[in-house]
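Novice: Enclosed is the structure file upload_37.tsv (TSV, C-alpha atoms).
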chain	number	residue	atom	x	y	z
A	2	MET	CA	51.14	-29.93	84.13
A	3	CYS	CA	47.79	-30.14	82.34
A	4	MET	CA	45.35	-27.29	82.81
A	5	PRO	CA	41.82	-28.13	84.00
A	6	ALA	CA	39.31	-29.75	81.69
A	7	ALA	CA	35.57	-29.69	81.22
A	8	LEU	CA	33.49	-32.79	80.63
A	9	VAL	CA	30.09	-31.95	79.15
A	10	LEU	CA	27.46	-34.65	79.55
A	11	ALA	CA	25.16	-34.85	76.53
A	12	GLY	CA	24.20	-38.52	76.24
A	13	GLY	CA	20.77	-38.39	77.85
A	14	ARG	CA	17.67	-39.12	75.80
A	15	SER	CA	15.95	-35.79	76.60
A	16	THR	CA	12.68	-37.66	77.16
A	17	ARG	CA	10.99	-34.67	78.81
A	18	PHE	CA	12.13	-32.33	76.06
A	19	GLY	CA	10.25	-33.90	73.16
A	20	GLU	CA	11.55	-35.24	69.86
A	21	ARG	CA	14.57	-32.91	69.57
A	22	ASP	CA	17.99	-33.48	71.08
A	23	LYS	CA	18.18	-30.67	73.60
A	24	ALA	CA	22.00	-30.63	73.44
A	25	VAL	CA	21.90	-29.04	69.98
A	26	ALA	CA	18.56	-27.23	70.26
A	27	ASP	CA	18.78	-23.59	69.18
A	28	LEU	CA	18.61	-21.55	72.37
A	29	ALA	CA	18.19	-17.86	71.47
A	30	GLY	CA	20.34	-18.29	68.37
A	31	THR	CA	23.02	-20.62	69.77
A	32	PRO	CA	22.96	-24.40	70.27
A	33	MET	CA	22.57	-25.11	73.98
A	34	ILE	CA	25.73	-27.21	74.26
A	35	ARG	CA	27.68	-24.41	72.57
A	36	ARG	CA	26.44	-22.00	75.25
A	37	VAL	CA	27.75	-24.33	77.96
A	38	VAL	CA	31.14	-24.72	76.26
A	39	ASP	CA	31.46	-20.97	75.64
A	40	ARG	CA	30.71	-20.22	79.29
A	41	VAL	CA	33.29	-22.62	80.74
A	42	ALA	CA	35.92	-21.92	78.06
A	43	PRO	CA	37.72	-19.17	80.05
A	44	VAL	CA	38.65	-21.57	82.85
A	45	VAL	CA	39.62	-24.78	80.99
A	46	ASP	CA	42.06	-25.83	78.31
A	47	GLU	CA	40.35	-29.06	77.28
A	48	VAL	CA	36.76	-30.02	76.52
A	49	VAL	CA	35.46	-33.59	76.35
A	50	ILE	CA	31.91	-34.36	75.27
A	51	ASN	CA	30.21	-37.53	76.44
A	52	CYS	CA	27.40	-38.53	74.11
A	53	ARG	CA	25.89	-41.31	72.02
A	54	ALA	CA	27.46	-42.20	68.67
A	55	GLY	CA	24.64	-40.61	66.68
A	56	GLN	CA	25.19	-37.27	68.40
A	57	VAL	CA	28.81	-36.77	67.39
A	58	ASP	CA	28.20	-35.11	64.02
A	59	PRO	CA	25.41	-32.74	65.19
A	60	ILE	CA	27.43	-31.69	68.25
A	61	THR	CA	30.56	-31.21	66.15
A	62	ASP	CA	28.56	-28.87	63.92
A	63	ALA	CA	27.16	-27.05	66.96
A	64	LEU	CA	30.67	-26.37	68.29
A	65	VAL	CA	32.15	-24.97	65.08
A	66	GLY	CA	33.90	-21.73	65.97
A	67	SER	CA	33.97	-22.41	69.72
A	68	GLY	CA	37.76	-22.44	69.84
A	69	PHE	CA	37.86	-26.02	71.13
A	70	GLY	CA	38.54	-29.11	69.08
A	71	ALA	CA	36.42	-31.14	71.48
A	72	THR	CA	37.28	-34.75	72.19
A	73	PHE	CA	34.34	-37.16	72.11
A	74	ALA	CA	33.93	-39.97	74.62
A	75	VAL	CA	31.14	-42.00	73.04
A	76	ASP	CA	29.03	-44.20	75.28
A	77	ARG	CA	29.91	-47.87	74.86
A	78	ASP	CA	26.52	-48.89	76.21
A	79	PRO	CA	24.01	-46.06	75.76
A	80	ASP	CA	21.29	-45.41	78.33
A	81	GLU	CA	23.27	-46.56	81.38
A	82	GLY	CA	22.70	-43.21	83.05
A	83	PRO	CA	24.78	-40.19	84.02
A	84	MET	CA	27.25	-42.06	86.21
A	85	ALA	CA	28.30	-44.22	83.28
A	86	GLY	CA	28.60	-41.07	81.18
A	87	ILE	CA	30.82	-39.45	83.78
A	88	ALA	CA	33.06	-42.52	83.97
A	89	ARG	CA	33.33	-42.80	80.20
A	90	GLY	CA	34.00	-39.11	79.79
A	91	LEU	CA	36.60	-38.83	82.54
A	92	GLU	CA	38.50	-41.74	81.02
A	93	ALA	CA	39.07	-39.50	77.99
A	94	VAL	CA	40.25	-36.47	80.01
A	95	SER	CA	43.99	-35.84	80.19
A	96	ALA	CA	43.87	-33.22	82.98
A	97	GLU	CA	44.14	-34.08	86.67
A	98	TYR	CA	40.89	-32.26	87.45
A	99	ALA	CA	37.74	-31.83	85.38
A	100	LEU	CA	34.58	-29.81	85.73
A	101	VAL	CA	31.65	-32.10	84.98
A	102	VAL	CA	28.68	-30.12	83.69
A	103	ALA	CA	25.43	-31.14	82.04
A	104	CYS	CA	24.71	-29.87	78.53
A	105	ASP	CA	21.38	-28.45	79.73
A	106	MET	CA	22.94	-25.91	82.12
A	107	PRO	CA	23.32	-22.88	79.81
A	108	PHE	CA	23.79	-20.44	82.70
A	109	VAL	CA	26.78	-22.20	84.27
A	110	ASP	CA	28.92	-19.50	85.92
A	111	PRO	CA	32.60	-19.57	84.86
A	112	ASP	CA	33.66	-17.81	88.06
A	113	PHE	CA	31.95	-20.50	90.09
A	114	ALA	CA	33.62	-23.19	87.97
A	115	ALA	CA	36.99	-21.59	88.68
A	116	TYR	CA	36.14	-21.51	92.39
A	117	LEU	CA	35.30	-25.21	92.35
A	118	PHE	CA	38.70	-25.97	90.85
A	119	GLU	CA	40.31	-24.02	93.69
A	120	ARG	CA	38.27	-25.86	96.33
A	121	ALA	CA	39.01	-29.27	94.79
A	122	ALA	CA	42.80	-28.77	94.83
A	123	GLY	CA	44.38	-31.43	97.02
A	124	HIS	CA	41.09	-33.36	97.25
A	125	ASP	CA	39.19	-35.78	95.03
A	126	ALA	CA	36.17	-33.54	94.45
A	127	ALA	CA	34.41	-30.27	95.17
A	128	VAL	CA	30.67	-30.85	94.99
A	129	PRO	CA	28.05	-28.11	95.45
A	130	ARG	CA	25.12	-28.77	97.74
A	131	PRO	CA	22.82	-25.73	97.46
A	132	ASP	CA	19.92	-27.56	99.14
A	133	GLU	CA	19.28	-31.14	100.25
A	134	TRP	CA	20.61	-32.44	96.92
A	135	TYR	CA	24.17	-32.61	95.66
A	136	GLN	CA	24.79	-30.98	92.28
A	137	THR	CA	26.94	-33.80	90.95
A	138	THR	CA	26.61	-32.62	87.35
A	139	GLN	CA	28.12	-29.22	88.05
A	140	ALA	CA	31.10	-30.25	90.16
A	141	VAL	CA	34.86	-30.69	89.91
A	142	TYR	CA	36.46	-34.10	90.27
A	143	ARG	CA	39.95	-35.54	90.34
A	144	THR	CA	39.74	-37.37	87.06
A	145	GLU	CA	41.19	-40.78	87.85
A	146	ALA	CA	39.69	-41.07	91.32
A	147	MET	CA	36.15	-40.26	90.20
A	148	ALA	CA	36.30	-42.45	87.09
A	149	ALA	CA	37.46	-45.42	89.17
A	150	ALA	CA	34.83	-44.80	91.87
A	151	CYS	CA	32.11	-44.64	89.22
A	152	ARG	CA	33.26	-47.92	87.66
A	153	ARG	CA	33.27	-49.65	91.03
A	154	ALA	CA	29.76	-48.39	91.76
A	155	LEU	CA	28.54	-49.62	88.38
A	156	ASP	CA	30.17	-53.01	89.01
A	157	ARG	CA	28.08	-53.18	92.20
A	158	ASP	CA	25.00	-52.31	90.10
A	159	GLU	CA	24.74	-49.07	92.06
A	160	HIS	CA	23.50	-46.32	89.75
A	161	ARG	CA	22.74	-43.52	92.20
A	162	ILE	CA	24.78	-40.56	91.01
A	163	VAL	CA	25.97	-39.80	94.57
A	164	ALA	CA	27.24	-43.35	95.18
A	165	PRO	CA	30.87	-42.70	94.13
A	166	LEU	CA	31.18	-39.78	96.55
A	167	SER	CA	31.33	-42.13	99.54
A	168	GLU	CA	34.73	-43.31	98.28
A	169	LEU	CA	36.17	-39.86	97.62
A	170	ASP	CA	37.89	-37.23	99.72
A	171	ASP	CA	35.36	-34.60	98.73
A	172	VAL	CA	34.74	-30.99	99.73
A	173	VAL	CA	31.07	-30.04	100.02
A	174	VAL	CA	30.30	-26.48	98.91
A	175	ASP	CA	27.09	-25.47	100.66
A	176	ALA	CA	24.55	-22.78	99.81
A	177	SER	CA	26.11	-20.02	101.92
A	178	GLU	CA	29.50	-20.60	100.33
A	179	ILE	CA	28.02	-20.79	96.82
A	180	GLU	CA	26.21	-17.48	97.28
A	181	GLN	CA	29.48	-15.73	98.12
A	182	VAL	CA	30.71	-16.59	94.63
A	183	ALA	CA	27.72	-17.01	92.31
A	184	SER	CA	23.99	-16.92	91.89
A	185	LEU	CA	22.13	-20.19	92.27
A	186	ASP	CA	21.09	-19.60	88.63
A	187	THR	CA	24.33	-21.39	87.72
A	188	PHE	CA	22.48	-24.67	88.42
A	189	GLU	CA	19.42	-23.85	86.31
A	190	ASN	CA	18.81	-26.63	83.84
A	191	VAL	CA	16.53	-26.93	80.85
A	192	ASN	CA	14.63	-30.20	80.76
A	193	THR	CA	11.25	-29.32	79.26
A	194	PRO	CA	9.92	-27.18	76.40
A	195	GLU	CA	8.53	-24.77	78.99
A	196	GLU	CA	11.93	-24.36	80.67
A	197	PHE	CA	13.49	-23.93	77.23
A	198	ALA	CA	11.05	-21.16	76.36
A	199	ALA	CA	11.75	-19.40	79.66
A	200	ALA	CA	15.53	-19.65	79.13
A	201	THR	CA	15.14	-18.31	75.58
A	202	GLU	CA	13.19	-15.30	76.83
A	203	ARG	CA	15.74	-14.62	79.55
A	204	LEU	CA	18.66	-14.73	77.12
A	205	ARG	CA	16.91	-12.42	74.66
A	206	GLU	CA	16.46	-9.88	77.43
A	207	GLU	CA	20.13	-9.92	78.45
So that I can check it, write out the structure of this file as structure tokens.

Specialist:
Amino acid sequence: MCMPAALVLAGGRSTRFGERDKAVADLAGTPMIRRVVDRVAPVVDEVVINCRAGQVDPITDALVGSGFGATFAVDRDPDEGPMAGIARGLEAVSAEYALVVACDMPFVDPDFAAYLFERAAGHDAAVPRPDEWYQTTQAVYRTEAMAAACRRALDRDEHRIVAPLSELDDVVVDASEIEQVASLDTFENVNTPEEFAAATERLREE
């Protein structure tokens, strides 16, 4: 039986971040995507990176020494959005379940990731909902079920990231449950230069 996997989404254009690709931006001495991979590494045996073709070499360099020979699932049609990235990435995952996490979540909590795998067992997904929004890009999915649901949604020209969930047997992990396991900091993402500066300062103080 395959151990769980992680799918890291890195194909976005980082339009709010400026000219740099935030996936490989140096965050307090370590590329941001490397921080994400290092944090989830204790709870997975496989890492797949979804990205654009031009990102493969820089991300490969960023992951040198991480302990994972990451598999790349390159977007066939770039700029289709995160749901297309999830579908493409999950199609390259060999494990039954995968943690999907965005490359701009450098504080992802490995204990929370492990908990999501436990909650997803026997279901198609375990999706956090710390407030009125689902955290679909830090959630665990049954690989084949989610990939197929994403493809069907895209075929309907439905690009809302929550659209596939209506077809899945999913477990919703609400705020009270999350807070028993992890800080809500696990969902902190870095989209702007200001958020990047704040994350850098926080990491330097740790």

Novice: Given only C-alpha atoms, how would the per-residue table for segment 72-118 of chain A near segment 161-170 of chain A read, listing every residue at most 10 Å away with its closest atom pair and distance in Å to one decimal, sorted by chain and number, as a tab-separated table?

Specialist:
residue	atom	partner	partner_atom	distance
A:Gly82	CA	A:Ile162	CA	8.6
A:Pro83	CA	A:Ile162	CA	7.0
A:Met84	CA	A:Ile162	CA	5.6
A:Ala85	CA	A:Ile162	CA	9.2
A:Ile87	CA	A:Ile162	CA	9.5

Novice: Which neighbours of segment 32-35 of chain A fall inside 7 Å, counting only C-alpha atoms, when residues of the same chain fewer than 5 positions from it are skipped, and could you give them as an NGL selection string?

Specialist: :A and (24-27 or 63-64 or 104-105 or 107)

Novice: Would you output that residue set with C-alpha atoms, as a PDB file, in the frame of the given file?

Specialist:
ATOM      1  CA  ALA A  24      22.000 -30.630  73.440  1.00  0.00           C
ATOM      2  CA  VAL A  25      21.900 -29.040  69.980  1.00  0.00           C
ATOM      3  CA  ALA A  26      18.560 -27.230  70.260  1.00  0.00           C
ATOM      4  CA  ASP A  27      18.780 -23.590  69.180  1.00  0.00           C
ATOM      5  CA  ALA A  63      27.160 -27.050  66.960  1.00  0.00           C
ATOM      6  CA  LEU A  64      30.670 -26.370  68.290  1.00  0.00           C
ATOM      7  CA  CYS A 104      24.710 -29.870  78.530  1.00  0.00           C
ATOM      8  CA  ASP A 105      21.380 -28.450  79.730  1.00  0.00           C
ATOM      9  CA  PRO A 107      23.320 -22.880  79.810  1.00  0.00           C
TER      10      PRO A 107
END

Novice: Which neighbours of Thr144 of chain A fall inside 6 Å, counting all atoms listed in the file, when residues of the same chain fewer than 5 positions from it are skipped, and could you give them as number ranges by chain?

Specialist: A: 91, 97-98

Novice: Compare A:Leu185, A:Ala122, A:Ile179, A:Cys151 by their minimum atom-to-atom distance to Glu81 of chain A, counting only C-alpha atoms, and give me the closest one.

Specialist: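 Checking each of A:Leu185, A:Ala122, A:Ile179, A:Cys151 against Glu81 of chain A, counting only C-alpha atoms, the winner is A:Cys151.
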
Novice: Counting all atoms listed in the file, what is within 7 Å of Ala127 of chain A, bar same-chain residues fewer than 4 positions away, as number ranges by chain?

Specialist: A: 117, 120-121, 140-142, 171-174

Novice: Have a look at atom CA of Asp125 of chain A and atom CA of Leu100 of chain A and let me know their distance in Å, one decimal.

Specialist: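 About the pair atom CA of Asp125 of chain A and atom CA of Leu100 of chain A: they are 12.0 Å apart.
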
Novice: Report, in Å with one decimal, the straight-line distance from atom CA of Arg77 of chain A to atom CA of Ala54 of chain A.

Specialist: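 We find that atom CA of Arg77 of chain A and atom CA of Ala54 of chain A lie 8.7 Å from each other.
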
Novice: Around all the atoms of segment 90-107 of chain A listed in the file, with 4 Å of room on each side, what axis-aligned box do you get, giving centre and edge lengths in Å to one decimal, as JSON?

Specialist:
{"center_x": 32.8, "center_y": -32.3, "center_z": 82.7, "size_x": 30.8, "size_y": 26.9, "size_z": 17.5}

Novice: What separation in Å, quoted to one decimal, exists between atom CA of Arg53 of chain A and atom CA of Arg143 of chain A?

Specialist: 23.8 Å

Novice: As a PyMOL selection string, please: the residues near segment 92-94 of chain A (cut-off 10 Å, all atoms listed in the file, same-chain neighbours under 6 positions excluded).

Specialist: chain A and resi 5-8+47-51+72-75+86+144-145+147-149

Novice: I'd like to know which of A:Gly90, A:Ala114, A:Ile60, A:Met106 is closest to Val44 of chain A, using all atoms listed in the file.

Specialist: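 The shortest atom-to-atom distance to Val44 of chain A comes from A:Ala114.
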
Novice: For a quick check of understanding, using only C-alpha atoms, which of A:Glu178, A:Asp76, A:Glu207, A:Asp22 has the smallest distance to Pro59 of chain A?

Specialist: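 Residue with the minimum atom-to-atom distance to Pro59 of chain A: A:Asp22.
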
Novice: Using all atoms listed in the file, which protein or nucleic acid residues come within 8 Å of Asp175 of chain A? Drop anything in the same chain fewer than 6 positions from it, and give the result as JSON, numbers by chain.

Specialist: {"A": [129, 130, 131, 132]}

Novice: Kindly reconstruct segment 59-80 of chain A with N, CA and C atoms and present the result as a compact mmCIF listing (two decimals), in the coordinates of the input.

Specialist:
# COMPACT_ATOMS: atom_id res chain seq x y z
N PRO A 59 26.15 -33.96 64.87
CA PRO A 59 25.41 -32.74 65.19
C PRO A 59 26.11 -31.87 66.23
N ILE A 60 26.74 -32.49 67.23
CA ILE A 60 27.43 -31.69 68.25
C ILE A 60 28.68 -31.06 67.67
N THR A 61 29.39 -31.79 66.82
CA THR A 61 30.56 -31.21 66.15
C THR A 61 30.16 -29.96 65.39
N ASP A 62 29.06 -30.04 64.65
CA ASP A 62 28.56 -28.87 63.92
C ASP A 62 28.20 -27.73 64.87
N ALA A 63 27.59 -28.07 66.00
CA ALA A 63 27.16 -27.05 66.96
C ALA A 63 28.34 -26.32 67.57
N LEU A 64 29.50 -26.96 67.63
CA LEU A 64 30.67 -26.37 68.29
C LEU A 64 31.62 -25.68 67.33
N VAL A 65 31.28 -25.65 66.04
CA VAL A 65 32.15 -24.97 65.08
C VAL A 65 32.34 -23.51 65.50
N GLY A 66 33.60 -23.10 65.60
CA GLY A 66 33.90 -21.73 65.97
C GLY A 66 34.04 -21.51 67.46
N SER A 67 33.91 -22.57 68.26
CA SER A 67 33.97 -22.41 69.72
C SER A 67 35.39 -22.21 70.22
N GLY A 68 36.37 -22.55 69.39
CA GLY A 68 37.76 -22.44 69.84
C GLY A 68 38.29 -23.73 70.44
N PHE A 69 37.43 -24.73 70.60
CA PHE A 69 37.86 -26.02 71.13
C PHE A 69 37.64 -27.11 70.09
N GLY A 70 38.70 -27.89 69.85
CA GLY A 70 38.54 -29.11 69.08
C GLY A 70 38.15 -30.19 70.06
N ALA A 71 36.87 -30.26 70.40
CA ALA A 71 36.42 -31.14 71.48
C ALA A 71 36.74 -32.59 71.19
N THR A 72 37.11 -33.30 72.24
CA THR A 72 37.28 -34.75 72.19
C THR A 72 35.94 -35.39 72.53
N PHE A 73 35.60 -36.46 71.84
CA PHE A 73 34.34 -37.16 72.11
C PHE A 73 34.62 -38.48 72.82
N ALA A 74 33.90 -38.70 73.89
CA ALA A 74 33.93 -39.97 74.62
C ALA A 74 32.55 -40.60 74.42
N VAL A 75 32.44 -41.45 73.44
CA VAL A 75 31.14 -42.00 73.04
C VAL A 75 30.76 -43.15 73.97
N ASP A 76 29.51 -43.14 74.40
CA ASP A 76 29.03 -44.20 75.28
C ASP A 76 29.20 -45.57 74.63
N ARG A 77 29.78 -46.49 75.37
CA ARG A 77 29.91 -47.87 74.86
C ARG A 77 28.56 -48.57 74.94
N ASP A 78 27.85 -48.32 76.02
CA ASP A 78 26.52 -48.89 76.21
C ASP A 78 25.56 -47.75 76.54
N PRO A 79 24.90 -47.20 75.52
CA PRO A 79 24.01 -46.06 75.76
C PRO A 79 22.93 -46.37 76.79
N ASP A 80 22.43 -45.32 77.42
CA ASP A 80 21.29 -45.41 78.33
C ASP A 80 21.62 -46.06 79.68
